[in-house]
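**Student:** The structure under discussion is supplied below as structure tokens; questions concerning it will follow.
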Amino acid sequence: MALRQRAPIHPGEILAEDVLAELGMNANLLGEALGVAPNRISEILRGRRSITPDTALRLGRWLGSSAEFWLDLQQAYDLEVTRAERGAEIERTVTPRTALVT
């Protein structure tokens with residue numbers, strides 16, 4: 001039986017489920033708290049926009065966490081998406097340096 005790969009989790013989903021839901025907040029309230037447009041937050045929550053360093057700094061400050069936490073989540077998500085989309089092609093077309101040494 002083959003294992004099914006789970007879809008990567010966008011940081012916006014974590015923000016929505018682990019932060020906003022627990023606090024009873026929505027994108028408008030978070031946008032106001034962070035000093036950004038609510039549509040910026042809405043797009044992040046829907047997985048249509050990445051968490052930028054600016055957003056990570058704002059989230060870290062507001063939540064009392066680190067900006068690095070949010071950037072690490074985004075980077076892990078981006079890597080998994082790229083691996084799923086291009087990983088096999090890269091495996092086929094890029095020869096490891098050690099394989100070239102004789």
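By order in the structure tokens, chains are A, B, ...; within a chain, residues start at 1; ligands start at 1, following the order shown.
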So which residues touch stretch 28-38 of chain A within 9 Å, counting only C-alpha atoms, skipping near sequence neighbours fewer than 6 positions away, as a VMD selection string?
**Tutor:** chain A and resid 20 55 58 to 59 61 to 62
**Student:** Mind dumping the selected residues with N, CA and C atoms as a PDB file, in the first residue's frame?
**Tutor:**
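Final file, part.pdb:
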ATOM      1  N   LEU A  20      -6.053  32.929  15.335  1.00  0.00           N
ATOM      2  CA  LEU A  20      -7.283  33.714  15.219  1.00  0.00           C
ATOM      3  C   LEU A  20      -8.498  32.997  15.788  1.00  0.00           C
ATOM      4  N   THR A  55       5.551  41.144   7.427  1.00  0.00           N
ATOM      5  CA  THR A  55       4.419  40.537   8.134  1.00  0.00           C
ATOM      6  C   THR A  55       4.914  39.701   9.305  1.00  0.00           C
ATOM      7  N   ARG A  58       5.708  41.903  12.215  1.00  0.00           N
ATOM      8  CA  ARG A  58       4.480  42.396  12.841  1.00  0.00           C
ATOM      9  C   ARG A  58       3.804  41.303  13.668  1.00  0.00           C
ATOM     10  N   LEU A  59       3.719  40.096  13.105  1.00  0.00           N
ATOM     11  CA  LEU A  59       3.115  38.981  13.847  1.00  0.00           C
ATOM     12  C   LEU A  59       3.927  38.658  15.096  1.00  0.00           C
ATOM     13  N   ARG A  61       5.914  40.595  16.824  1.00  0.00           N
ATOM     14  CA  ARG A  61       5.753  41.672  17.811  1.00  0.00           C
ATOM     15  C   ARG A  61       4.409  41.564  18.512  1.00  0.00           C
ATOM     16  N   TRP A  62       3.348  41.381  17.736  1.00  0.00           N
ATOM     17  CA  TRP A  62       2.002  41.356  18.292  1.00  0.00           C
ATOM     18  C   TRP A  62       1.769  40.115  19.157  1.00  0.00           C
TER      19      TRP A  62
END
**Student:** Determine, counting only C-alpha atoms, which protein, DNA and RNA residues have an atom within 12 Å of an atom of A:Val19; residues of the same chain fewer than 3 positions away are not included. Present the result as a list in words.
**Tutor:**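 Selected residues are Pro11, Gly12, Glu13, Ile14, Leu15, Ala16, Glu22, Leu23, Gly24, Met25, Asn26, Ala27, Leu30, Leu45, Leu59, Trp62, Leu63 and Ser65 of chain A.
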**Student:** Give me, as a compact mmCIF listing (two decimals) with N, CA and C atoms, in the first residue's frame, all polymer residues having an atom no more than 12 Å from A:Arg6, counting only C-alpha atoms and skipping those fewer than 5 positions away in the same chain.
**Tutor:**
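As written to disk, selection11.txt reads:
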# COMPACT_ATOMS: atom_id res chain seq x y z
N TYR A 77 6.96 25.60 3.96
CA TYR A 77 5.85 25.43 3.02
C TYR A 77 6.32 25.59 1.58
N GLU A 80 8.34 22.57 0.41
CA GLU A 80 7.52 21.38 0.15
C GLU A 80 6.72 21.52 -1.14
N VAL A 81 6.20 22.69 -1.40
CA VAL A 81 5.45 22.92 -2.64
C VAL A 81 6.38 22.76 -3.84
N ALA A 84 7.33 19.12 -4.40
CA ALA A 84 6.24 18.37 -5.04
C ALA A 84 6.13 18.71 -6.52
